[in-house]
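The data block below is work-v2.pdb; it holds PDB, C-alpha atoms.
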ATOM      1  CA  MET A   1      91.319 101.475  18.477
ATOM      2  CA  VAL A   2      91.765 100.697  22.154
ATOM      3  CA  LEU A   3      94.320  97.942  22.619
ATOM      4  CA  PRO A   4      93.389  94.991  24.866
ATOM      5  CA  THR A   5      94.610  95.418  28.418
ATOM      6  CA  MET A   6      95.283  92.926  31.164
ATOM      7  CA  PRO A   7      92.430  93.448  33.630
ATOM      8  CA  LYS A   8      92.867  93.213  37.330
ATOM      9  CA  LYS A   9      92.567  89.717  38.744
ATOM     10  CA  VAL A  10      89.055  89.037  39.961
ATOM     11  CA  MET A  11      89.191  88.134  43.646
ATOM     12  CA  LEU A  12      86.625  85.534  44.589
ATOM     13  CA  SER A  13      84.939  85.004  47.925
ATOM     14  CA  ASN A  14      85.546  81.238  47.709
ATOM     15  CA  PRO A  15      89.324  80.536  48.044
ATOM     16  CA  LYS A  16      88.995  76.962  46.768
ATOM     17  CA  ILE A  17      87.463  78.251  43.549
ATOM     18  CA  GLN A  18      90.259  80.843  43.309
ATOM     19  CA  GLU A  19      92.857  78.054  43.265
ATOM     20  CA  THR A  20      91.201  75.926  40.566
ATOM     21  CA  ILE A  21      89.795  78.581  38.269
ATOM     22  CA  THR A  22      92.515  78.607  35.592
ATOM     23  CA  ALA A  23      90.610  76.304  33.201
ATOM     24  CA  SER A  24      87.565  78.564  32.882
ATOM     25  CA  ARG A  25      88.269  80.962  30.055
ATOM     26  CA  ILE A  26      87.515  81.749  26.418
ATOM     27  CA  SER A  27      90.095  82.413  23.722
ATOM     28  CA  VAL A  28      89.189  83.542  20.192
ATOM     29  CA  ALA A  29      91.878  83.867  17.510
ATOM     30  CA  GLU A  30      91.333  85.366  14.042
ATOM     31  CA  ILE A  31      87.804  84.051  13.564
ATOM     32  CA  SER A  32      86.053  85.014  10.334
ATOM     33  CA  HIS A  33      82.656  83.823   9.157
ATOM     34  CA  ASN A  34      80.809  84.312   5.880
ATOM     35  CA  TYR A  35      77.234  83.757   4.770
ATOM     36  CA  GLY A  36      77.790  83.319   1.075
ATOM     37  CA  GLU A  37      79.436  86.517  -0.121
ATOM     38  CA  ARG A  38      78.506  88.444   3.014
ATOM     39  CA  ARG A  39      81.109  88.602   5.772
ATOM     40  CA  ALA A  40      79.605  88.516   9.261
ATOM     41  CA  LEU A  41      82.856  88.299  11.267
ATOM     42  CA  ASN A  42      86.266  89.546  10.207
ATOM     43  CA  GLN A  43      89.458  88.371  11.954
ATOM     44  CA  LEU A  44      88.091  88.535  15.508
ATOM     45  CA  SER A  45      90.579  87.952  18.326
ATOM     46  CA  PHE A  46      90.042  88.422  22.066
ATOM     47  CA  GLU A  47      90.330  86.595  25.374
ATOM     48  CA  VAL A  48      88.015  86.301  28.343
ATOM     49  CA  ARG A  49      89.883  85.729  31.568
ATOM     50  CA  PRO A  50      88.805  83.321  34.314
ATOM     51  CA  ALA A  51      85.829  84.509  36.372
ATOM     52  CA  GLU A  52      85.504  87.626  34.236
ATOM     53  CA  ILE A  53      82.251  89.126  32.998
ATOM     54  CA  PHE A  54      83.012  90.081  29.406
ATOM     55  CA  GLY A  55      80.483  91.888  27.236
ATOM     56  CA  LEU A  56      80.180  92.086  23.472
ATOM     57  CA  LEU A  57      78.466  95.403  22.803
ATOM     58  CA  GLY A  58      77.045  96.376  19.453
ATOM     59  CA  PRO A  59      73.853  97.120  17.517
ATOM     60  CA  ASN A  60      72.101  94.562  15.356
ATOM     61  CA  GLY A  61      74.334  93.811  12.418
ATOM     62  CA  GLY A  62      77.572  93.966  14.384
ATOM     63  CA  GLY A  63      78.178  90.213  14.369
ATOM     64  CA  LYS A  64      77.192  89.383  17.960
ATOM     65  CA  THR A  65      74.651  86.720  17.000
ATOM     66  CA  THR A  66      77.031  84.897  14.689
ATOM     67  CA  LEU A  67      79.813  84.861  17.264
ATOM     68  CA  PHE A  68      77.398  83.640  19.942
ATOM     69  CA  ARG A  69      76.274  80.763  17.715
ATOM     70  CA  LEU A  70      79.876  79.792  17.059
ATOM     71  CA  LEU A  71      80.868  79.792  20.732
ATOM     72  CA  SER A  72      77.766  77.816  21.705
ATOM     73  CA  THR A  73      78.728  75.145  19.095
ATOM     74  CA  LEU A  74      75.677  75.746  16.882
ATOM     75  CA  LEU A  75      77.777  76.853  13.913
ATOM     76  CA  PRO A  76      81.050  75.266  12.743
ATOM     77  CA  LEU A  77      84.173  77.385  12.531
ATOM     78  CA  GLN A  78      85.129  78.455   9.014
ATOM     79  CA  THR A  79      88.463  80.133   9.705
ATOM     80  CA  GLY A  80      90.379  80.898  12.877
ATOM     81  CA  SER A  81      90.302  79.020  16.163
ATOM     82  CA  ALA A  82      88.764  79.198  19.624
ATOM     83  CA  THR A  83      89.015  77.403  22.940
ATOM     84  CA  ILE A  84      86.669  77.310  25.914
ATOM     85  CA  ALA A  85      88.217  76.081  29.163
ATOM     86  CA  ASP A  86      91.132  74.741  27.118
ATOM     87  CA  TYR A  87      88.875  72.621  24.885
ATOM     88  CA  ASP A  88      89.152  73.239  21.156
ATOM     89  CA  LEU A  89      85.911  74.513  19.641
ATOM     90  CA  ALA A  90      86.502  72.778  16.295
ATOM     91  CA  THR A  91      87.341  69.293  17.590
ATOM     92  CA  GLN A  92      85.984  69.065  21.158
ATOM     93  CA  ALA A  93      82.495  70.531  20.889
ATOM     94  CA  LYS A  94      80.967  67.711  22.986
ATOM     95  CA  GLN A  95      83.235  68.454  25.949
ATOM     96  CA  ILE A  96      82.464  72.166  25.621
ATOM     97  CA  ARG A  97      78.704  71.556  25.683
ATOM     98  CA  ASN A  98      79.069  69.768  29.016
ATOM     99  CA  LEU A  99      80.650  72.755  30.743
ATOM    100  CA  ILE A 100      78.859  75.754  29.229
ATOM    101  CA  GLY A 101      75.468  77.159  30.088
ATOM    102  CA  VAL A 102      73.673  78.948  27.264
ATOM    103  CA  THR A 103      70.709  81.298  27.184
ATOM    104  CA  PHE A 104      69.663  82.198  23.665
ATOM    105  CA  GLN A 105      67.695  85.263  22.700
ATOM    106  CA  SER A 106      65.000  83.156  21.024
ATOM    107  CA  PRO A 107      62.581  81.336  23.386
ATOM    108  CA  SER A 108      63.022  77.650  24.178
ATOM    109  CA  LEU A 109      60.386  77.008  26.844
ATOM    110  CA  ASP A 110      57.604  74.450  26.452
ATOM    111  CA  GLY A 111      54.546  76.571  27.057
ATOM    112  CA  LYS A 112      52.361  73.600  28.025
ATOM    113  CA  LEU A 113      54.650  72.699  30.948
ATOM    114  CA  THR A 114      54.970  74.508  34.248
ATOM    115  CA  VAL A 115      58.078  76.443  35.176
ATOM    116  CA  GLN A 116      59.211  73.620  37.438
ATOM    117  CA  GLU A 117      58.546  70.995  34.758
ATOM    118  CA  ASN A 118      60.610  72.945  32.213
ATOM    119  CA  LEU A 119      63.509  73.023  34.644
ATOM    120  CA  LYS A 120      63.091  69.338  35.530
ATOM    121  CA  HIS A 121      63.344  68.263  31.889
ATOM    122  CA  GLN A 122      66.355  70.520  31.375
ATOM    123  CA  ALA A 123      68.067  68.868  34.348
ATOM    124  CA  HIS A 124      67.365  65.410  32.928
ATOM    125  CA  LEU A 125      69.125  66.398  29.692
ATOM    126  CA  TYR A 126      72.284  66.844  31.744
ATOM    127  CA  GLY A 127      71.815  63.620  33.711
ATOM    128  CA  ILE A 128      70.799  65.407  36.908
ATOM    129  CA  SER A 129      68.081  63.768  39.016
ATOM    130  CA  GLY A 130      66.969  63.075  42.569
ATOM    131  CA  ALA A 131      67.737  65.375  45.477
ATOM    132  CA  ALA A 132      70.517  67.170  43.601
ATOM    133  CA  MET A 133      68.086  68.107  40.836
ATOM    134  CA  TRP A 134      65.436  69.470  43.204
ATOM    135  CA  ASN A 135      68.019  71.423  45.187
ATOM    136  CA  ARG A 136      69.337  73.064  42.030
ATOM    137  CA  ILE A 137      65.856  73.851  40.777
ATOM    138  CA  GLU A 138      64.851  75.459  44.062
ATOM    139  CA  ASN A 139      68.086  77.448  44.174
ATOM    140  CA  ALA A 140      67.602  78.765  40.633
ATOM    141  CA  LEU A 141      63.958  79.603  41.290
ATOM    142  CA  GLN A 142      64.857  81.511  44.432
ATOM    143  CA  HIS A 143      67.691  83.538  42.956
ATOM    144  CA  LEU A 144      65.696  84.508  39.879
ATOM    145  CA  GLY A 145      62.536  85.389  41.798
ATOM    146  CA  LEU A 146      60.450  82.536  40.398
ATOM    147  CA  THR A 147      59.614  80.482  43.475
ATOM    148  CA  ASP A 148      55.975  81.627  43.608
ATOM    149  CA  ARG A 149      55.534  80.929  39.873
ATOM    150  CA  LYS A 150      57.001  77.420  39.705
ATOM    151  CA  HIS A 151      53.590  75.755  39.212
ATOM    152  CA  ASP A 152      52.442  78.248  36.554
ATOM    153  CA  LEU A 153      52.347  77.206  32.909
ATOM    154  CA  ALA A 154      55.125  78.827  30.888
ATOM    155  CA  ASP A 155      52.539  80.141  28.408
ATOM    156  CA  SER A 156      50.898  82.156  31.208
ATOM    157  CA  LEU A 157      54.065  84.083  32.067
ATOM    158  CA  SER A 158      54.988  87.575  30.943
ATOM    159  CA  GLY A 159      57.921  88.035  28.595
ATOM    160  CA  GLY A 160      60.196  89.078  31.444
ATOM    161  CA  LEU A 161      59.305  86.044  33.576
ATOM    162  CA  LYS A 162      59.867  83.716  30.634
ATOM    163  CA  ARG A 163      63.291  85.269  30.214
ATOM    164  CA  ARG A 164      64.143  84.494  33.812
ATOM    165  CA  VAL A 165      63.125  80.853  33.336
ATOM    166  CA  GLU A 166      65.359  80.672  30.248
ATOM    167  CA  ILE A 167      68.297  81.876  32.331
ATOM    168  CA  ALA A 168      67.479  79.418  35.115
ATOM    169  CA  LYS A 169      67.619  76.567  32.581
ATOM    170  CA  GLY A 170      71.128  77.539  31.582
ATOM    171  CA  LEU A 171      72.344  77.467  35.185
ATOM    172  CA  LEU A 172      70.988  74.118  36.406
ATOM    173  CA  HIS A 173      74.092  72.055  35.582
ATOM    174  CA  ALA A 174      76.431  74.520  37.335
ATOM    175  CA  PRO A 175      78.369  75.537  34.214
ATOM    176  CA  GLN A 176      81.957  76.769  34.325
ATOM    177  CA  VAL A 177      81.260  79.194  31.487
ATOM    178  CA  LEU A 178      77.959  81.014  30.982
ATOM    179  CA  LEU A 179      76.980  82.424  27.577
ATOM    180  CA  LEU A 180      74.085  84.883  27.622
ATOM    181  CA  ASP A 181      72.601  86.371  24.461
ATOM    182  CA  GLU A 182      70.920  89.694  25.311
ATOM    183  CA  PRO A 183      70.105  88.531  28.880
ATOM    184  CA  SER A 184      68.008  91.574  29.854
ATOM    185  CA  THR A 185      65.595  91.282  26.941
ATOM    186  CA  GLY A 186      62.060  91.737  28.269
ATOM    187  CA  LEU A 187      63.120  92.410  31.866
ATOM    188  CA  ASP A 188      61.884  95.420  33.793
ATOM    189  CA  PRO A 189      64.485  97.528  35.677
ATOM    190  CA  GLY A 190      63.921  95.684  38.956
ATOM    191  CA  ALA A 191      64.317  92.242  37.394
ATOM    192  CA  ARG A 192      67.382  93.461  35.486
ATOM    193  CA  HIS A 193      68.956  94.634  38.743
ATOM    194  CA  ASP A 194      68.251  91.251  40.400
ATOM    195  CA  LEU A 195      69.691  89.386  37.416
ATOM    196  CA  TRP A 196      72.957  91.281  37.565
ATOM    197  CA  LYS A 197      73.175  90.801  41.299
ATOM    198  CA  TYR A 198      72.915  87.047  40.704
ATOM    199  CA  LEU A 199      75.482  87.090  37.884
ATOM    200  CA  LYS A 200      77.952  88.896  40.157
ATOM    201  CA  GLN A 201      77.294  86.243  42.789
ATOM    202  CA  LEU A 202      78.026  83.463  40.287
ATOM    203  CA  GLN A 203      81.253  85.232  39.382
ATOM    204  CA  GLN A 204      82.430  85.933  42.915
ATOM    205  CA  GLN A 205      81.301  82.806  44.760
ATOM    206  CA  ASP A 206      81.466  80.111  42.074
ATOM    207  CA  GLY A 207      84.148  81.454  39.747
ATOM    208  CA  VAL A 208      81.884  81.313  36.688
ATOM    209  CA  THR A 209      83.239  82.979  33.557
ATOM    210  CA  ILE A 210      80.436  84.935  31.877
ATOM    211  CA  LEU A 211      80.192  86.227  28.319
ATOM    212  CA  ILE A 212      77.184  88.300  27.317
ATOM    213  CA  THR A 213      76.072  89.969  24.129
ATOM    214  CA  THR A 214      74.110  93.184  24.492
ATOM    215  CA  HIS A 215      72.946  96.307  22.718
ATOM    216  CA  LEU A 216      72.136  98.054  26.016
ATOM    217  CA  MET A 217      74.651 100.632  27.239
ATOM    218  CA  GLU A 218      73.397 100.317  30.819
ATOM    219  CA  GLU A 219      73.959  96.562  30.759
ATOM    220  CA  ALA A 220      77.424  96.955  29.273
ATOM    221  CA  GLU A 221      78.432  99.127  32.244
ATOM    222  CA  HIS A 222      78.155  96.073  34.522
ATOM    223  CA  CYS A 223      80.828  94.147  32.620
ATOM    224  CA  ASP A 224      84.452  93.932  33.754
ATOM    225  CA  ARG A 225      85.561  94.447  30.154
ATOM    226  CA  LEU A 226      83.872  95.083  26.823
ATOM    227  CA  GLY A 227      84.537  94.364  23.196
ATOM    228  CA  ILE A 228      82.719  96.708  20.804
ATOM    229  CA  LEU A 229      81.617  94.997  17.580
ATOM    230  CA  HIS A 230      80.996  96.886  14.366
ATOM    231  CA  LEU A 231      80.238  95.182  11.054
ATOM    232  CA  GLY A 232      81.967  92.008  12.159
ATOM    233  CA  GLU A 233      85.102  93.657  13.497
ATOM    234  CA  LEU A 234      86.230  94.268  17.066
ATOM    235  CA  VAL A 235      86.912  98.000  17.062
ATOM    236  CA  ALA A 236      87.732  98.481  20.761
ATOM    237  CA  VAL A 237      88.413  96.399  23.874
ATOM    238  CA  GLY A 238      88.777  97.542  27.470
ATOM    239  CA  THR A 239      87.025  98.284  30.715
ATOM    240  CA  PRO A 240      84.126 100.748  30.458
ATOM    241  CA  ASP A 241      86.304 103.433  32.088
ATOM    242  CA  GLU A 242      89.208 102.760  29.702
ATOM    243  CA  LEU A 243      86.942 102.972  26.688
ATOM    244  CA  ARG A 244      85.432 106.277  27.773
ATOM    245  CA  ALA A 245      88.892 107.674  28.526
ATOM    246  CA  SER A 246      90.004 106.790  24.985
ATOM    247  CA  VAL A 247      87.641 109.399  23.538
ATOM    248  CA  GLY A 248      89.958 112.144  24.696
ATOM    249  CA  GLY A 249      87.781 114.856  26.175
ATOM    250  CA  ASP A 250      84.311 116.340  26.347
ATOM    251  CA  CYS A 251      81.874 115.510  23.562
ATOM    252  CA  LEU A 252      80.065 118.289  21.730
ATOM    253  CA  THR A 253      77.145 117.720  19.374
ATOM    254  CA  ILE A 254      76.424 120.808  17.262
ATOM    255  CA  HIS A 255      73.296 121.395  15.177
ATOM    256  CA  SER A 256      73.107 123.914  12.376
ATOM    257  CA  GLU A 257      70.829 124.885   9.495
ATOM    258  CA  ASN A 258      73.944 125.121   7.319
ATOM    259  CA  LEU A 259      76.095 122.201   8.396
ATOM    260  CA  ASP A 260      78.571 122.347   5.513
ATOM    261  CA  MET A 261      79.333 126.039   5.995
ATOM    262  CA  LEU A 262      79.763 125.620   9.762
ATOM    263  CA  TYR A 263      82.080 122.672   9.186
ATOM    264  CA  GLU A 264      84.279 124.724   6.851
ATOM    265  CA  LYS A 265      84.382 127.735   9.170
ATOM    266  CA  MET A 266      85.180 125.633  12.245
ATOM    267  CA  THR A 267      87.975 123.884  10.390
ATOM    268  CA  GLU A 268      89.421 127.167   9.131
ATOM    269  CA  LYS A 269      89.199 129.110  12.396
ATOM    270  CA  PHE A 270      89.917 126.463  15.029
ATOM    271  CA  GLY A 271      91.875 123.855  13.074
ATOM    272  CA  VAL A 272      89.476 121.072  14.107
ATOM    273  CA  ALA A 273      87.841 118.360  12.006
ATOM    274  CA  PRO A 274      84.448 117.438  13.475
ATOM    275  CA  GLN A 275      82.637 114.288  12.427
ATOM    276  CA  ILE A 276      79.344 114.599  10.563
ATOM    277  CA  VAL A 277      77.005 112.238  12.402
ATOM    278  CA  ASN A 278      73.245 112.052  11.795
ATOM    279  CA  HIS A 279      72.838 115.605  10.483
ATOM    280  CA  SER A 280      74.991 117.155  13.198
ATOM    281  CA  LEU A 281      78.646 117.886  13.883
ATOM    282  CA  ARG A 282      80.381 115.906  16.597
ATOM    283  CA  LEU A 283      83.626 117.019  18.171
ATOM    284  CA  GLU A 284      85.827 115.837  21.026
ATOM    285  CA  HIS A 285      87.693 118.532  22.937
ATOM    286  CA  PRO A 286      89.729 118.360  26.176
ATOM    287  CA  ARG A 287      88.126 121.601  27.445
ATOM    288  CA  GLY A 288      84.744 121.433  25.823
ATOM    289  CA  HIS A 289      83.082 124.142  27.897
ATOM    290  CA  GLU A 290      85.683 126.708  26.831
ATOM    291  CA  PHE A 291      85.522 125.678  23.178
ATOM    292  CA  LEU A 292      81.725 125.869  23.304
ATOM    293  CA  LYS A 293      81.868 129.536  24.315
ATOM    294  CA  ASP A 294      84.425 130.341  21.607
ATOM    295  CA  LEU A 295      82.332 128.542  18.991
ATOM    296  CA  ILE A 296      79.138 130.429  19.760
ATOM    297  CA  ASP A 297      80.972 133.747  19.980
ATOM    298  CA  ALA A 298      82.532 133.110  16.555
ATOM    299  CA  PHE A 299      79.478 131.813  14.667
ATOM    300  CA  PRO A 300      76.271 132.716  16.536
ATOM    301  CA  GLU A 301      74.252 132.821  13.326
ATOM    302  CA  LEU A 302      75.278 129.287  12.282
ATOM    303  CA  VAL A 303      74.891 127.409  15.552
ATOM    304  CA  SER A 304      71.309 126.303  16.232
ATOM    305  CA  SER A 305      71.997 124.257  19.360
ATOM    306  CA  VAL A 306      74.849 122.501  21.153
ATOM    307  CA  SER A 307      74.979 119.693  23.693
ATOM    308  CA  LEU A 308      78.029 119.066  25.865
ATOM    309  CA  GLY A 309      78.801 116.058  28.036
ATOM    310  CA  LYS A 310      81.373 113.607  29.298
ATOM    311  CA  PRO A 311      82.040 110.632  26.990
ATOM    312  CA  THR A 312      79.618 107.709  27.098
ATOM    313  CA  LEU A 313      79.961 104.247  25.597
ATOM    314  CA  GLU A 314      77.932 105.463  22.638
ATOM    315  CA  ASP A 315      80.489 108.230  22.164
ATOM    316  CA  VAL A 316      83.162 105.510  22.074
ATOM    317  CA  PHE A 317      81.211 103.735  19.332
ATOM    318  CA  ILE A 318      80.910 106.953  17.316
ATOM    319  CA  HIS A 319      84.601 107.707  17.897
ATOM    320  CA  GLU A 320      85.616 104.312  16.504
ATOM    321  CA  THR A 321      83.087 103.935  13.683
ATOM    322  CA  GLY A 322      82.077 107.432  12.612
ATOM    323  CA  HIS A 323      78.334 106.909  13.029
ATOM    324  CA  GLN A 324      75.708 106.416  15.690
ATOM    325  CA  PHE A 325      75.021 103.173  17.472
ATOM    326  CA  TRP A 326      71.634 102.549  15.884
ATOM    327  CA  GLN A 327      72.538 103.012  12.227
ATOM    328  CA  GLN A 328      72.826  99.251  11.572
ATOM    329  CA  GLU A 329      69.704  97.253  10.824
ATOM    330  CA  GLN A 330      70.521  93.704   9.771
ATOM    331  CA  THR A 331      71.222  91.002  12.355
ATOM    332  CA  LEU A 332      74.393  89.016  11.695
TER
END
Representation of the structure as structure tokens:
Amino acid sequence: MVLPTMPKKVMLSNPKIQETITASRISVAEISHNYGERRALNQLSFEVRPAEIFGLLGPNGGGKTTLFRLLSTLLPLQTGSATIADYDLATQAKQIRNLIGVTFQSPSLDGKLTVQENLKHQAHLYGISGAAMWNRIENALQHLGLTDRKHDLADSLSGGLKRRVEIAKGLLHAPQVLLLDEPSTGLDPGARHDLWKYLKQLQQQDGVTILITTHLMEEAEHCDRLGILHLGELVAVGTPDELRASVGGDCLTIHSENLDMLYEKMTEKFGVAPQIVNHSLRLEHPRGHEFLKDLIDAFPELVSSVSLGKPTLEDVFIHETGHQFWQQEQTL
């Protein structure tokens, strides 16, 4: 497991925000959560620093949804503790709701209202009205590329456009902490790029602390730090570069018609212990290209094909869990 590290301080473009940012953070300590006899989260502990973009990466079934519901105050804590901007999640949920912005994966738009009307009613829920409300609505529409669609009914929008309106709703009250559940769901590559540009702007200019859940490796690369969730446990924490470096070398994936025999021969000849992952052998080696040549020279009749590459975040997941990213099915 990769131990949590102290990330570099995020330098903001607004010096006034830099001075007052200390309250915007998330702290989770030994949280567990059960649904009957099924454990969804097991002793989770991590911290999100002020103005950091922190990602929770994992496939369905890892526990991301449960943790997101807890942090957004939809579920009560069972065991453990958490604070958001120094407010206690168990006893000060009302204060937390006033300072967080939340975008859930499930839709929440009123399809019979226009985009602008959806945002207007969201602003009213937070007591925002008048010129301040219209300024915030126009700003959100502009940054999320929705200005020309503000008079369209929500039901007429594509899935990606609806997603952008959902995110705009969560930003209207200028939250200190932004919680995003699978924010790129339904977005095309261009819209995804624009979204991340805006999130970086919120981080740098406004000092917003952002926590996202995602199953997309590309999206996880944008985060300052990541926590990898597997079956309710945090198996690794670090920057994307730190996590990849933890793998320890090049990654080889070896296919064979006789996997068991190749495994035994590799172990005997080279003293290595590859992982068996999805009907193939997976091995990490500091000089993978040299080992690849030796392997094929030694067992040409057993090796069907080999792929070699630098570690990816999926390789980190396999390294920590022993199986591929998509081998979990149930959402927790």
Item to complete: Between atom CA of A:Ala245 and atom CA of A:Pro311, measure the distance and give it in Å to one decimal.
Response: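 Answer for the atom CA of A:Ala245 to atom CA of A:Pro311 separation: 7.6 Å.
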Practice prompt. For the file shown, report as a PyMOL selection string the outcome of the PyMOL selection byres ((chain A and resi 191-193) around 12) at residue level.
Written response: chain A and resi 143-146+159-164+182-190+194-200+216+218-219+222
Could the residues in this selection be saved with C-alpha atoms as a PDB file, in the frame of the given file?
ATOM      1  CA  HIS A 143      67.691  83.538  42.956  1.00  0.00           C
ATOM      2  CA  LEU A 144      65.696  84.508  39.879  1.00  0.00           C
ATOM      3  CA  GLY A 145      62.536  85.389  41.798  1.00  0.00           C
ATOM      4  CA  LEU A 146      60.450  82.536  40.398  1.00  0.00           C
ATOM      5  CA  GLY A 159      57.921  88.035  28.595  1.00  0.00           C
ATOM      6  CA  GLY A 160      60.196  89.078  31.444  1.00  0.00           C
ATOM      7  CA  LEU A 161      59.305  86.044  33.576  1.00  0.00           C
ATOM      8  CA  LYS A 162      59.867  83.716  30.634  1.00  0.00           C
ATOM      9  CA  ARG A 163      63.291  85.269  30.214  1.00  0.00           C
ATOM     10  CA  ARG A 164      64.143  84.494  33.812  1.00  0.00           C
ATOM     11  CA  GLU A 182      70.920  89.694  25.311  1.00  0.00           C
ATOM     12  CA  PRO A 183      70.105  88.531  28.880  1.00  0.00           C
ATOM     13  CA  SER A 184      68.008  91.574  29.854  1.00  0.00           C
ATOM     14  CA  THR A 185      65.595  91.282  26.941  1.00  0.00           C
ATOM     15  CA  GLY A 186      62.060  91.737  28.269  1.00  0.00           C
ATOM     16  CA  LEU A 187      63.120  92.410  31.866  1.00  0.00           C
ATOM     17  CA  ASP A 188      61.884  95.420  33.793  1.00  0.00           C
ATOM     18  CA  PRO A 189      64.485  97.528  35.677  1.00  0.00           C
ATOM     19  CA  GLY A 190      63.921  95.684  38.956  1.00  0.00           C
ATOM     20  CA  ASP A 194      68.251  91.251  40.400  1.00  0.00           C
ATOM     21  CA  LEU A 195      69.691  89.386  37.416  1.00  0.00           C
ATOM     22  CA  TRP A 196      72.957  91.281  37.565  1.00  0.00           C
ATOM     23  CA  LYS A 197      73.175  90.801  41.299  1.00  0.00           C
ATOM     24  CA  TYR A 198      72.915  87.047  40.704  1.00  0.00           C
ATOM     25  CA  LEU A 199      75.482  87.090  37.884  1.00  0.00           C
ATOM     26  CA  LYS A 200      77.952  88.896  40.157  1.00  0.00           C
ATOM     27  CA  LEU A 216      72.136  98.054  26.016  1.00  0.00           C
ATOM     28  CA  GLU A 218      73.397 100.317  30.819  1.00  0.00           C
ATOM     29  CA  GLU A 219      73.959  96.562  30.759  1.00  0.00           C
ATOM     30  CA  HIS A 222      78.155  96.073  34.522  1.00  0.00           C
TER      31      HIS A 222
END
Selection result of the PyMOL selection byres ((chain A and resi 283) around 7) on this file, as a PDB file with C-alpha atoms, in the frame of the given file:
ATOM      1  CA  CYS A 251      81.874 115.510  23.562  1.00  0.00           C
ATOM      2  CA  LEU A 252      80.065 118.289  21.730  1.00  0.00           C
ATOM      3  CA  THR A 253      77.145 117.720  19.374  1.00  0.00           C
ATOM      4  CA  PRO A 274      84.448 117.438  13.475  1.00  0.00           C
ATOM      5  CA  GLN A 275      82.637 114.288  12.427  1.00  0.00           C
ATOM      6  CA  LEU A 281      78.646 117.886  13.883  1.00  0.00           C
ATOM      7  CA  ARG A 282      80.381 115.906  16.597  1.00  0.00           C
ATOM      8  CA  GLU A 284      85.827 115.837  21.026  1.00  0.00           C
ATOM      9  CA  HIS A 285      87.693 118.532  22.937  1.00  0.00           C
TER      10      HIS A 285
END
Matched chain/residue IDs from the PyMOL selection byres ((chain A and resi 118-133) around 12), as a PDB file with C-alpha atoms, in the coordinates of the input:
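Saved file result.pdb follows:
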ATOM      1  CA  ARG A  97      78.704  71.556  25.683  1.00  0.00           C
ATOM      2  CA  ASN A  98      79.069  69.768  29.016  1.00  0.00           C
ATOM      3  CA  LEU A  99      80.650  72.755  30.743  1.00  0.00           C
ATOM      4  CA  ILE A 100      78.859  75.754  29.229  1.00  0.00           C
ATOM      5  CA  GLY A 101      75.468  77.159  30.088  1.00  0.00           C
ATOM      6  CA  VAL A 102      73.673  78.948  27.264  1.00  0.00           C
ATOM      7  CA  SER A 108      63.022  77.650  24.178  1.00  0.00           C
ATOM      8  CA  LEU A 109      60.386  77.008  26.844  1.00  0.00           C
ATOM      9  CA  ASP A 110      57.604  74.450  26.452  1.00  0.00           C
ATOM     10  CA  GLY A 111      54.546  76.571  27.057  1.00  0.00           C
ATOM     11  CA  LYS A 112      52.361  73.600  28.025  1.00  0.00           C
ATOM     12  CA  LEU A 113      54.650  72.699  30.948  1.00  0.00           C
ATOM     13  CA  THR A 114      54.970  74.508  34.248  1.00  0.00           C
ATOM     14  CA  VAL A 115      58.078  76.443  35.176  1.00  0.00           C
ATOM     15  CA  GLN A 116      59.211  73.620  37.438  1.00  0.00           C
ATOM     16  CA  GLU A 117      58.546  70.995  34.758  1.00  0.00           C
ATOM     17  CA  TRP A 134      65.436  69.470  43.204  1.00  0.00           C
ATOM     18  CA  ASN A 135      68.019  71.423  45.187  1.00  0.00           C
ATOM     19  CA  ARG A 136      69.337  73.064  42.030  1.00  0.00           C
ATOM     20  CA  ILE A 137      65.856  73.851  40.777  1.00  0.00           C
ATOM     21  CA  GLU A 138      64.851  75.459  44.062  1.00  0.00           C
ATOM     22  CA  ASN A 139      68.086  77.448  44.174  1.00  0.00           C
ATOM     23  CA  ALA A 140      67.602  78.765  40.633  1.00  0.00           C
ATOM     24  CA  LEU A 141      63.958  79.603  41.290  1.00  0.00           C
ATOM     25  CA  LEU A 146      60.450  82.536  40.398  1.00  0.00           C
ATOM     26  CA  LYS A 150      57.001  77.420  39.705  1.00  0.00           C
ATOM     27  CA  HIS A 151      53.590  75.755  39.212  1.00  0.00           C
ATOM     28  CA  ASP A 152      52.442  78.248  36.554  1.00  0.00           C
ATOM     29  CA  LEU A 153      52.347  77.206  32.909  1.00  0.00           C
ATOM     30  CA  ALA A 154      55.125  78.827  30.888  1.00  0.00           C
ATOM     31  CA  ASP A 155      52.539  80.141  28.408  1.00  0.00           C
ATOM     32  CA  LYS A 162      59.867  83.716  30.634  1.00  0.00           C
ATOM     33  CA  ARG A 164      64.143  84.494  33.812  1.00  0.00           C
ATOM     34  CA  VAL A 165      63.125  80.853  33.336  1.00  0.00           C
ATOM     35  CA  GLU A 166      65.359  80.672  30.248  1.00  0.00           C
ATOM     36  CA  ILE A 167      68.297  81.876  32.331  1.00  0.00           C
ATOM     37  CA  ALA A 168      67.479  79.418  35.115  1.00  0.00           C
ATOM     38  CA  LYS A 169      67.619  76.567  32.581  1.00  0.00           C
ATOM     39  CA  GLY A 170      71.128  77.539  31.582  1.00  0.00           C
ATOM     40  CA  LEU A 171      72.344  77.467  35.185  1.00  0.00           C
ATOM     41  CA  LEU A 172      70.988  74.118  36.406  1.00  0.00           C
ATOM     42  CA  HIS A 173      74.092  72.055  35.582  1.00  0.00           C
ATOM     43  CA  ALA A 174      76.431  74.520  37.335  1.00  0.00           C
ATOM     44  CA  PRO A 175      78.369  75.537  34.214  1.00  0.00           C
TER      45      PRO A 175
END
Item to complete: Name all residues at most 9 Å from A:Gln203 (count all atoms listed in the file; drop same-chain ones fewer than 2 positions away) and give them as a VMD selection string.
Response: chain A and resid 10 12 51 to 53 198 to 201 205 to 210
